[in-house]
$ cat entry.txt   # compact mmCIF, C-alpha atoms
# COMPACT_ATOMS: atom_id res chain seq x y z
CA MET A 386 -104.54 42.98 92.30
CA ILE A 387 -107.59 45.11 91.46
CA ILE A 388 -106.69 48.64 90.33
CA ILE A 389 -108.90 51.31 91.88
CA GLU A 390 -109.15 54.52 89.88
CA LEU A 391 -108.21 57.89 91.39
CA ILE A 392 -111.81 59.09 91.55
CA ASP A 393 -112.76 55.93 93.48
CA ILE A 394 -109.87 56.33 95.91
CA LEU A 395 -110.80 59.96 96.50
CA PHE A 396 -114.49 59.18 96.82
CA GLY A 397 -113.93 56.36 99.29
CA SER A 398 -111.21 58.04 101.35
CA LEU A 399 -113.06 61.36 101.56
CA SER A 400 -116.29 59.58 102.54
CA LEU A 401 -114.35 57.79 105.27
CA LEU A 402 -112.74 61.02 106.48
CA THR A 403 -116.14 62.74 106.52
CA VAL A 404 -117.62 59.96 108.66
CA ILE A 405 -114.60 59.83 111.00
CA VAL A 406 -114.75 63.59 111.66
CA ALA A 407 -118.51 63.39 112.33
CA PHE A 408 -117.97 60.48 114.73
CA ALA A 409 -115.21 62.39 116.53
CA VAL A 410 -117.42 65.45 116.96
CA GLY A 411 -120.38 63.36 118.09
CA ILE A 412 -118.33 61.39 120.62
CA LYS A 413 -116.76 64.59 121.95
CA ILE A 414 -120.23 66.06 122.55
CA ILE A 415 -121.49 62.84 124.14
CA SER A 416 -118.46 62.76 126.47
CA LYS A 417 -119.60 66.08 127.97
CA TYR A 418 -122.56 64.28 129.56
CA LYS A 419 -120.32 63.14 132.42
CA SER A 420 -119.75 66.72 133.53
CA VAL A 421 -123.08 68.38 132.67
CA LYS A 422 -125.48 65.47 133.32
CA ASP A 423 -127.75 66.66 130.52
CA ARG A 424 -129.16 63.89 128.31
CA ASN A 425 -129.36 66.26 125.36
CA PHE A 426 -125.58 66.16 125.02
CA VAL A 427 -125.93 62.44 124.34
CA PHE A 428 -128.82 62.99 121.93
CA VAL A 429 -127.12 65.82 120.03
CA GLY A 430 -123.88 63.84 119.78
CA LEU A 431 -125.80 60.88 118.40
CA ILE A 432 -127.64 62.95 115.82
CA TRP A 433 -124.44 64.52 114.56
CA ILE A 434 -123.07 61.03 114.02
CA GLY A 435 -126.42 60.00 112.54
CA ILE A 436 -126.79 62.72 109.93
CA TYR A 437 -123.67 61.30 108.26
CA HIS A 438 -125.30 57.85 108.30
CA PRO A 439 -125.81 57.84 104.47
CA TRP A 440 -122.03 58.02 104.00
CA TRP A 441 -121.35 54.94 106.12
CA SER A 442 -121.94 52.57 103.21
CA SER A 443 -119.48 54.20 100.82
CA SER A 444 -116.89 54.28 103.61
CA LEU A 445 -117.37 50.61 104.43
CA SER A 446 -117.33 49.58 100.77
CA PHE A 447 -114.08 51.46 100.30
CA LEU A 448 -112.47 49.77 103.31
CA MET A 449 -113.66 46.33 102.19
CA ARG A 450 -112.27 46.86 98.69
CA LEU A 451 -109.04 48.35 100.01
CA PHE A 452 -108.16 45.73 102.60
CA SER A 453 -109.51 42.66 100.80
CA ASN A 454 -107.36 43.51 97.77
CA SER A 455 -110.20 42.25 95.57
CA THR A 456 -113.61 43.17 94.22
CA VAL A 457 -115.29 42.44 97.58
CA SER A 458 -117.64 45.23 98.64
CA LEU A 459 -121.18 45.73 99.88
CA SER A 460 -123.99 44.36 97.76
CA LEU A 461 -126.56 46.91 96.58
CA GLY A 462 -129.11 45.77 99.16
CA LEU A 463 -126.66 45.90 102.06
CA TYR A 464 -125.43 49.28 100.85
CA PHE A 465 -128.94 50.73 101.14
CA LEU A 466 -129.61 49.08 104.50
CA PHE A 467 -126.33 50.33 105.92
CA ALA A 468 -126.89 53.84 104.53
CA LEU A 469 -130.53 54.29 105.55
CA GLY A 470 -131.40 51.63 108.10
CA LEU A 471 -130.88 53.66 111.27
CA ILE A 472 -132.50 56.92 110.14
CA PRO A 473 -135.72 56.35 112.19
CA PHE A 474 -133.65 55.90 115.36
CA PHE A 475 -131.48 58.96 114.77
CA MET A 476 -134.49 61.12 113.85
CA PHE A 477 -136.36 60.04 116.98
CA VAL A 478 -133.35 60.90 119.16
CA TRP A 479 -132.88 64.30 117.46
CA LEU A 480 -136.53 65.27 117.77
CA ILE A 481 -136.51 64.47 121.49
CA ALA A 482 -133.50 66.75 121.92
CA PHE A 483 -135.02 69.41 119.65
CA THR A 484 -138.28 69.55 121.58
CA ASP A 485 -136.38 69.55 124.90
CA MET A 486 -134.25 72.53 123.89
CA VAL A 487 -136.48 74.52 121.52
CA THR A 488 -140.15 73.82 122.17
CA THR A 489 -142.20 71.35 124.19
CA LYS A 490 -145.55 72.78 123.08
CA TYR A 491 -146.06 70.51 120.07
CA ARG A 492 -143.75 67.71 121.19
CA THR A 493 -146.05 64.81 120.31
CA PRO A 494 -146.76 65.71 116.65
CA ILE A 495 -143.17 66.91 116.11
CA ILE A 496 -141.85 63.53 117.23
CA VAL A 497 -144.60 61.17 116.09
CA LEU A 498 -145.18 62.38 112.51
CA PRO A 499 -141.57 62.22 111.23
CA THR A 500 -140.93 59.01 113.17
CA THR A 501 -143.97 57.43 111.54
CA ILE A 502 -142.83 58.51 108.06
CA THR A 503 -139.31 57.20 108.59
CA THR A 504 -140.62 53.92 110.01
CA LEU A 505 -142.94 53.43 107.02
CA TYR A 506 -140.03 54.07 104.68
CA GLU A 507 -137.96 51.57 106.65
CA ILE A 508 -140.60 48.92 105.94
CA TYR A 509 -140.56 49.92 102.26
CA LEU A 510 -136.75 49.74 102.25
CA VAL A 511 -136.48 46.28 103.79
CA PHE A 512 -139.28 44.90 101.60
CA ASN A 513 -137.66 46.12 98.39
CA VAL A 514 -134.16 45.04 99.40
CA ILE A 515 -135.64 41.54 99.54
CA VAL A 516 -138.02 41.73 96.57
CA ASN A 517 -136.70 44.31 94.08
CA VAL A 518 -133.73 46.40 95.20
CA SER A 519 -133.53 48.28 91.90
CA VAL A 520 -136.66 50.21 92.92
CA ILE A 521 -134.59 51.94 95.61
CA GLY A 522 -131.64 52.81 93.38
CA GLU A 523 -128.56 51.53 91.63
CA PHE A 524 -124.79 51.79 91.74
CA SER A 525 -123.55 55.02 90.21
CA GLU A 526 -121.37 55.20 87.14
CA ALA A 527 -119.34 57.98 88.80
CA SER A 528 -117.67 55.78 91.43
CA LEU A 529 -117.50 52.19 92.66
CA PHE A 530 -118.61 53.41 96.08
CA ASP A 531 -121.55 55.62 95.17
CA VAL A 532 -125.21 54.99 94.41
CA THR A 533 -128.06 56.83 92.72
CA TYR A 534 -131.42 56.79 94.49
CA LYS A 535 -134.73 56.52 92.64
CA GLY A 536 -138.38 57.40 93.05
CA ILE A 537 -139.72 57.27 96.60
CA SER A 538 -136.21 57.08 98.03
CA GLN A 539 -135.27 60.39 96.39
CA PHE A 540 -138.30 62.12 97.89
CA TYR A 541 -137.60 60.51 101.26
CA LEU A 542 -134.03 61.82 101.35
CA VAL A 543 -135.21 65.31 100.39
CA PHE A 544 -137.73 65.11 103.25
CA ILE A 545 -134.97 64.10 105.69
CA VAL A 546 -132.64 66.90 104.58
CA LEU A 547 -135.41 69.51 104.83
CA LEU A 548 -136.53 68.23 108.23
CA ILE A 549 -133.02 68.28 109.65
CA LEU A 550 -132.25 71.67 108.11
CA SER A 551 -135.46 73.32 109.34
CA THR A 552 -135.19 71.97 112.90
CA GLY A 553 -131.46 72.72 112.93
CA ILE A 554 -132.08 76.34 111.94
CA LEU A 555 -134.76 76.73 114.63
CA PHE A 556 -132.32 75.22 117.12
CA ALA A 557 -129.63 77.74 116.13
CA LEU A 558 -132.06 80.67 116.20
CA GLN A 559 -132.67 80.05 119.91
CA SER A 560 -129.05 81.05 120.55
CA LEU A 561 -129.15 84.00 118.15
CA LYS A 562 -132.02 85.50 120.17
CA ALA A 563 -129.96 85.56 123.36
CA ASP A 564 -128.53 88.78 124.83
CA LYS A 565 -125.08 87.36 125.60
CA PRO A 566 -122.56 87.74 122.75
CA GLU A 567 -121.09 84.29 123.49
CA ILE A 568 -124.48 82.61 123.04
CA GLN A 569 -125.09 84.59 119.85
CA LEU A 570 -121.75 83.33 118.58
CA LYS A 571 -122.90 79.77 119.26
CA GLY A 572 -126.01 80.46 117.22
CA LYS A 573 -124.04 81.79 114.26
CA LEU A 574 -121.69 78.81 114.25
CA LEU A 575 -124.52 76.30 114.60
CA LEU A 576 -126.55 77.98 111.87
CA SER A 577 -123.54 77.84 109.55
CA ALA A 578 -123.01 74.17 110.40
CA TRP A 579 -126.58 73.12 109.60
CA ILE A 580 -126.65 75.10 106.35
CA LEU A 581 -123.29 73.69 105.22
CA TRP A 582 -124.38 70.14 106.04
CA ALA A 583 -127.58 70.55 103.99
CA ALA A 584 -125.67 72.15 101.11
CA GLY A 585 -123.11 69.35 101.16
CA ALA A 586 -125.80 66.67 101.24
CA ILE A 587 -127.66 68.27 98.33
CA PHE A 588 -124.53 68.82 96.24
CA ASP A 589 -123.39 65.26 96.94
CA SER A 590 -126.56 63.83 95.45
CA ALA A 591 -127.50 66.43 92.85
CA ILE A 592 -124.30 67.28 90.96
CA PRO A 593 -121.91 65.03 89.01
CA LEU A 594 -119.04 64.02 91.29
CA PHE A 595 -115.90 64.73 89.32
CA ILE A 596 -112.72 65.35 91.32
CA PRO A 597 -113.27 69.15 91.79
CA THR A 598 -116.93 68.80 92.80
CA LEU A 599 -116.15 65.79 95.00
CA LEU A 600 -113.49 67.76 96.86
CA MET A 601 -115.87 70.72 97.21
CA THR A 602 -118.73 68.67 98.67
CA ARG A 603 -116.53 66.79 101.12
CA ILE A 604 -114.82 70.00 102.30
CA ILE A 605 -118.26 71.49 102.90
CA LEU A 606 -119.41 68.44 104.88
CA ILE A 607 -116.24 68.23 106.98
CA SER A 608 -116.35 71.99 107.63
CA SER A 609 -119.91 71.55 108.85
CA SER A 610 -118.74 69.11 111.54
CA PHE A 611 -115.99 71.44 112.74
CA LEU A 612 -118.41 74.38 112.93
CA PHE A 613 -120.95 72.30 114.83
CA TYR A 614 -118.30 71.26 117.34
CA LEU A 615 -117.24 74.89 117.82
CA GLY A 616 -120.82 76.12 118.05
CA PHE A 617 -122.26 73.49 120.38
CA LEU A 618 -119.35 73.25 122.82
CA LEU A 619 -117.83 76.71 122.23
CA PRO A 620 -114.27 75.89 123.39
CA ASN A 621 -112.40 78.50 125.40
CA PHE A 622 -110.07 79.43 122.57
CA VAL A 623 -113.08 80.37 120.42
CA LYS A 624 -114.56 82.51 123.18
CA GLU A 625 -111.23 84.20 123.85
CA TRP A 626 -110.71 84.93 120.17
CA PHE A 627 -114.24 86.30 119.87
CA ILE A 628 -113.86 88.54 122.92
CA GLU A 629 -110.58 89.93 121.61
CA LYS A 630 -112.32 90.89 118.36
CA GLN A 631 -115.03 92.88 120.18
$ encode --input "entry.txt" --output "structure tokens"
Amino acid sequence: MIIIELIDILFGSLSLLTVIVAFAVGIKIISKYKSVKDRNFVFVGLIWIGIYHPWWSSSLSFLMRLFSNSTVSLSLGLYFLFALGLIPFFMFVWLIAFTDMVTTKYRTPIIVLPTTITTLYEIYLVFNVIVNVSVIGEFSEASLFDVTYKGISQFYLVFIVLLILSTGILFALQSLKADKPEIQLKGKLLLSAWILWAAGAIFDSAIPLFIPTLLMTRIILISSSFLFYLGFLLPNFVKEWFIEKQ
């Protein structure tokens, strides 16, 4: 039997939990489409699942290692494909929803430019997975289930985080401008969710992941999903609590 160290167990299990919570929130939002008949509920649910796309690979590697009871896990190339392969799709979906709900004035450039960049990177990714995967990155020394990105891939991920954060903040600000206190509450929760997600993503890639920092980053990321759920759907218990505090 292969012994997995505590840091690897924590890394893998917390990655899995982070992804599961994001999926649950995304599916809950998507399920609201049946009652509201608004396609943006589907799009927003998909993007919340999609922004945790980079953590899919570490989750899958952990499950493969755990249940195979061996050294079986994703190869480096498959890890990168599974972590980054669907970003163009998720970004396209999010930008459609963003322009629907925030601004339609510059819809074409807002959608086309980022989609073009992500598609070009996708070509770069697939090419280098086949030819020279080490250009993209390498397995991290911190954990069996983590990687370190290099060069163009680092800049690409920074671009994605900044794009999601900036559009997410603009999305939240729409609610903050409203006159109704309930809508303003939605804006505050959504703004907190986007900022926490970006902070968690940055911390996850920029600081050494020892047990304390690993726990901190995953708590931040999971908290982001809960806040997004509360902010986007604003359940009755949140509204009632808020009204009582007024």
$ closest_residue --input "entry.txt" --among "A:Pro499, A:Gly553, A:Gly522, A:Gly585" --to "A:Trp440" --atoms "all atoms listed in the file"
A:Gly585
$ closest_residue --input "entry.txt" --among "A:Val516, A:Ile502, A:Ile415, A:Leu561" --to "A:Phe544" --atoms "all atoms listed in the file"
A:Ile502
$ closest_atom_pairs --input "entry.txt" --of "stretch 459-570 of chain A" --to "stretch 429-433 of chain A" --cutoff "10 Å" --atoms "all atoms listed in the file" --output "JSON lines"
{"residue": "A:Ile472", "atom": "CA", "partner": "A:Ile432", "partner_atom": "CA", "distance": 9.6}
{"residue": "A:Phe474", "atom": "CA", "partner": "A:Ile432", "partner_atom": "CA", "distance": 9.3}
{"residue": "A:Phe475", "atom": "CA", "partner": "A:Ile432", "partner_atom": "CA", "distance": 5.6}
{"residue": "A:Met476", "atom": "CA", "partner": "A:Ile432", "partner_atom": "CA", "distance": 7.4}
{"residue": "A:Phe477", "atom": "CA", "partner": "A:Ile432", "partner_atom": "CA", "distance": 9.3}
{"residue": "A:Val478", "atom": "CA", "partner": "A:Ile432", "partner_atom": "CA", "distance": 6.9}
{"residue": "A:Trp479", "atom": "CA", "partner": "A:Ile432", "partner_atom": "CA", "distance": 5.7}
{"residue": "A:Leu480", "atom": "CA", "partner": "A:Ile432", "partner_atom": "CA", "distance": 9.4}
{"residue": "A:Ile481", "atom": "CA", "partner": "A:Val429", "partner_atom": "CA", "distance": 9.6}
{"residue": "A:Ala482", "atom": "CA", "partner": "A:Val429", "partner_atom": "CA", "distance": 6.7}
{"residue": "A:Phe483", "atom": "CA", "partner": "A:Val429", "partner_atom": "CA", "distance": 8.7}
{"residue": "A:Ile549", "atom": "CA", "partner": "A:Ile432", "partner_atom": "CA", "distance": 9.8}
$ residues_around --input "entry.txt" --residues "A:Ile580" --least-positions-apart "3" --cutoff "10 Å" --atoms "all atoms listed in the file" --output "number ranges by chain"
A: 549-551, 553-554, 575-577, 583-586, 605-606, 609
$ residues_near_point --input "entry.txt" --point "(-123.2, 57.4, 88.7)" --cutoff "12 Å" --atoms "only C-alpha atoms" --output "number ranges by chain"
A: 392-393, 522-534, 589-595
$ closest_residue --input "entry.txt" --among "A:Phe452, A:Tyr509, A:Phe622, A:Trp579" --to "A:Phe465" --atoms "all atoms listed in the file"
A:Tyr509
$ residues_around --input "entry.txt" --residues "A:Lys417" --least-positions-apart "4" --cutoff "12 Å" --atoms "all atoms listed in the file" --output "ChimeraX atom specification"
/A:410-413,421-430,614,617-618
$ build_atoms --input "entry.txt" --residues "stretch 498-533 of chain A" --atoms "N, CA and C atoms" --output "compact mmCIF listing (two decimals), in the coordinates of the input"
# COMPACT_ATOMS: atom_id res chain seq x y z
N LEU A 498 -144.98 62.34 113.96
CA LEU A 498 -145.18 62.38 112.51
C LEU A 498 -143.92 61.99 111.73
N PRO A 499 -142.77 62.64 111.96
CA PRO A 499 -141.57 62.22 111.23
C PRO A 499 -141.14 60.79 111.54
N THR A 500 -141.30 60.38 112.81
CA THR A 500 -140.93 59.01 113.17
C THR A 500 -141.79 58.00 112.44
N THR A 501 -143.07 58.31 112.28
CA THR A 501 -143.97 57.43 111.54
C THR A 501 -143.56 57.34 110.07
N ILE A 502 -143.25 58.49 109.47
CA ILE A 502 -142.83 58.51 108.06
C ILE A 502 -141.55 57.71 107.86
N THR A 503 -140.58 57.91 108.74
CA THR A 503 -139.31 57.20 108.59
C THR A 503 -139.47 55.71 108.83
N THR A 504 -140.37 55.34 109.75
CA THR A 504 -140.62 53.92 110.01
C THR A 504 -141.30 53.26 108.81
N LEU A 505 -142.26 53.96 108.21
CA LEU A 505 -142.94 53.43 107.02
C LEU A 505 -141.94 53.25 105.87
N TYR A 506 -141.04 54.23 105.73
CA TYR A 506 -140.03 54.07 104.68
C TYR A 506 -139.12 52.89 104.99
N GLU A 507 -138.82 52.69 106.26
CA GLU A 507 -137.96 51.57 106.65
C GLU A 507 -138.58 50.23 106.21
N ILE A 508 -139.89 50.13 106.38
CA ILE A 508 -140.60 48.92 105.94
C ILE A 508 -140.48 48.78 104.42
N TYR A 509 -140.68 49.90 103.72
CA TYR A 509 -140.56 49.92 102.26
C TYR A 509 -139.15 49.51 101.84
N LEU A 510 -138.15 50.03 102.56
CA LEU A 510 -136.75 49.74 102.25
C LEU A 510 -136.44 48.26 102.39
N VAL A 511 -136.78 47.70 103.53
CA VAL A 511 -136.48 46.28 103.79
C VAL A 511 -137.21 45.39 102.79
N PHE A 512 -138.49 45.70 102.53
CA PHE A 512 -139.28 44.90 101.60
C PHE A 512 -138.64 44.88 100.21
N ASN A 513 -138.21 46.05 99.74
CA ASN A 513 -137.66 46.12 98.39
C ASN A 513 -136.22 45.61 98.30
N VAL A 514 -135.49 45.67 99.40
CA VAL A 514 -134.16 45.04 99.40
C VAL A 514 -134.33 43.54 99.17
N ILE A 515 -135.39 42.97 99.71
CA ILE A 515 -135.64 41.54 99.54
C ILE A 515 -136.26 41.22 98.19
N VAL A 516 -137.22 42.05 97.75
CA VAL A 516 -138.02 41.73 96.57
C VAL A 516 -137.45 42.34 95.29
N ASN A 517 -137.15 43.65 95.31
CA ASN A 517 -136.70 44.31 94.08
C ASN A 517 -135.87 45.54 94.43
N VAL A 518 -134.58 45.33 94.70
CA VAL A 518 -133.73 46.40 95.20
C VAL A 518 -133.54 47.52 94.19
N SER A 519 -133.73 47.25 92.92
CA SER A 519 -133.53 48.28 91.90
C SER A 519 -134.55 49.41 92.01
N VAL A 520 -135.66 49.16 92.71
CA VAL A 520 -136.66 50.21 92.92
C VAL A 520 -136.07 51.33 93.80
N ILE A 521 -135.19 50.97 94.70
CA ILE A 521 -134.59 51.94 95.61
C ILE A 521 -133.52 52.76 94.90
N GLY A 522 -132.70 52.10 94.10
CA GLY A 522 -131.64 52.81 93.38
C GLY A 522 -130.68 51.84 92.74
N GLU A 523 -129.55 52.36 92.31
CA GLU A 523 -128.56 51.53 91.63
C GLU A 523 -127.17 52.10 91.88
N PHE A 524 -126.16 51.28 91.62
CA PHE A 524 -124.79 51.79 91.74
C PHE A 524 -124.55 52.86 90.69
N SER A 525 -123.82 53.89 91.10
CA SER A 525 -123.55 55.02 90.21
C SER A 525 -122.42 54.69 89.25
N GLU A 526 -122.46 55.34 88.10
CA GLU A 526 -121.37 55.20 87.14
C GLU A 526 -120.17 56.08 87.53
N ALA A 527 -120.39 57.03 88.43
CA ALA A 527 -119.34 57.98 88.80
C ALA A 527 -118.25 57.33 89.64
N SER A 528 -118.64 56.39 90.53
CA SER A 528 -117.67 55.78 91.43
C SER A 528 -118.13 54.39 91.84
N LEU A 529 -117.18 53.54 92.17
CA LEU A 529 -117.50 52.19 92.66
C LEU A 529 -118.25 52.24 93.98
N PHE A 530 -118.10 53.34 94.72
CA PHE A 530 -118.61 53.41 96.08
C PHE A 530 -119.80 54.36 96.23
N ASP A 531 -120.43 54.69 95.14
CA ASP A 531 -121.55 55.62 95.17
C ASP A 531 -122.79 54.97 94.59
N VAL A 532 -123.96 55.48 94.96
CA VAL A 532 -125.21 54.99 94.41
C VAL A 532 -126.07 56.16 93.95
N THR A 533 -127.05 55.85 93.15
CA THR A 533 -128.06 56.83 92.72
C THR A 533 -129.42 56.34 93.22
